[in-house]
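> Quick one: this structure, given as structure tokens, is what I'll be asking you about.
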Amino acid sequence: MAVAEDIDRATDSKWDWVAEQTRKYVSSGGLEGHEQNGVYTLILATTGRKTGEPRRTCLIYGTHGDDFVVVASKGGDDDDPAWFKNLTAEPSVGVQVGARRFTARTRIADEQEHATLWPMMAGIFPLYNEYAQKTERVIPIVLLTPNP
């Protein structure tokens with residue numbers, strides 16, 4: 001079960017550019033990397049479904065009410081990203097948004113929510129529409145709800 005404290009000890013993404021961005025974000029306390037050209041990112045810590053160890057990645061996000069919204073696009077790959085597979089196995093995650101850290105519960109948007117949230121997220125990051133055209137899968141949208 002990942003919690004906010006796992007952000008500091010988690011293993012970074014295997015994608016070098018994501019790992020570098022994540023390290024900069026965390027080491028700066030969220031001052032660097034949170035916003036770039038009007039696009040906002042968060043750090044997501046999940047529990048590795050095979051190892052049980054915390055893993056972290058940096059993702060573009062939007063908001064919907066009190067929830068944070070992320071897209072499991074993997075650049076339009078036909079396979080879901082590892083972080084998504086991890087949170088489907090264990091929905092408790094650690095999150096850092098800017099300097100704020102919290103533990104959250106995840107859930108995958110249902111069909112109706114997806115229809116509402118997809119245009120919002122594609123408005124934030126238009127490449128999501130191109131990614132969706134590259135794959136047969138419906139790219140999942142995940143809601144992160146901060147624990148009380």
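Quick note on naming: the chains in the structure tokens go A, B, ... in the order shown, residues restart at 1 in each chain, and ligands are numbered from 1 in order of appearance.
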Dump as JSON lines the rows for residues of stretch 72-101 of chain A within 9 Å of stretch 30-35 of chain A: closest atom pair and distance in Å with one decimal, only C-alpha atoms counted, ordered by chain and rising residue number.


```
{"residue": "A:Gln96", "atom": "CA", "partner": "A:Gly30", "partner_atom": "CA", "distance": 7.6}
{"residue": "A:Val97", "atom": "CA", "partner": "A:Gly30", "partner_atom": "CA", "distance": 7.0}
{"residue": "A:Gly98", "atom": "CA", "partner": "A:Gly30", "partner_atom": "CA", "distance": 4.2}
{"residue": "A:Ala99", "atom": "CA", "partner": "A:Gly30", "partner_atom": "CA", "distance": 4.6}
{"residue": "A:Arg100", "atom": "CA", "partner": "A:Gly30", "partner_atom": "CA", "distance": 7.9}
```

> Could you write out the selected residues, including C-alpha atoms, as a PDB file, in the first residue's frame?


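Final output, saved to selection-v4.pdb:
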```pdb
ATOM      1  CA  GLN A  96       2.836  15.077  -4.534  1.00  0.00           C
ATOM      2  CA  VAL A  97       1.276  18.155  -6.154  1.00  0.00           C
ATOM      3  CA  GLY A  98       3.712  21.039  -5.945  1.00  0.00           C
ATOM      4  CA  ALA A  99       4.848  21.034  -2.311  1.00  0.00           C
ATOM      5  CA  ARG A 100       1.705  19.248  -1.053  1.00  0.00           C
TER       6      ARG A 100
END
```

> Give me the residues of stretch 53-95 of chain A that have any atom at most 6 Å from an atom of stretch 115-139 of chain A; for each, the nearest atom pair and the distance in Å, rounded to one decimal. Use only C-alpha atoms, sort by chain and number, and format it as a Markdown table.


```
| residue | atom | partner | partner_atom | distance |
| --- | --- | --- | --- | --- |
| A:Ser73 | CA | A:Ile139 | CA | 5.6 |
| A:Gly75 | CA | A:Tyr131 | CA | 5.5 |
| A:Gly76 | CA | A:Tyr131 | CA | 3.9 |
| A:Asp78 | CA | A:Thr135 | CA | 5.3 |
```

> Can you work out which one of A:Glu113, A:Trp15, A:Thr57, A:Arg105 has the shortest atom-to-atom distance to A:Ala45, counting only C-alpha atoms?

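Closest residue, counting only C-alpha atoms: A:Thr57.
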
> For A:Ile141, which residue out of A:Val71, A:Leu59, A:Ile7, A:Ala82 is the nearest one, using only C-alpha atoms?

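Closest to A:Ile141 of all the choices is A:Val71.
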
> Please provide as a list of chain:residue names all residues within 8 Å of A:Arg107, with the sequence filter that same-chain residues fewer than 2 positions apart are discarded (counting only C-alpha atoms).

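Returned residues: A:Pro91, A:Arg105, A:Ala109, A:Val142, A:Leu143, A:Leu144.
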
> Take the residues just selected and output them with C-alpha atoms as a PDB file, in the first residue's frame.


```pdb
ATOM      1  CA  PRO A  91      -5.377   1.438  -5.236  1.00  0.00           C
ATOM      2  CA  ARG A 105      -7.318   6.276  -3.213  1.00  0.00           C
ATOM      3  CA  ALA A 109     -13.254   6.534 -14.519  1.00  0.00           C
ATOM      4  CA  VAL A 142      -7.741   7.601 -13.242  1.00  0.00           C
ATOM      5  CA  LEU A 143      -9.146   9.725 -10.442  1.00  0.00           C
ATOM      6  CA  LEU A 144      -6.997  10.267  -7.343  1.00  0.00           C
TER       7      LEU A 144
END
```

> Please report, as an NGL selection string, each residue of stretch 1-145 of chain A to which DSSP assigns strand (DSSP E) when run on this structure's backbone.

:A and (11-12 or 35-36 or 39-47 or 54-60 or 62-64 or 67-71 or 92-97 or 100-108 or 141-145)
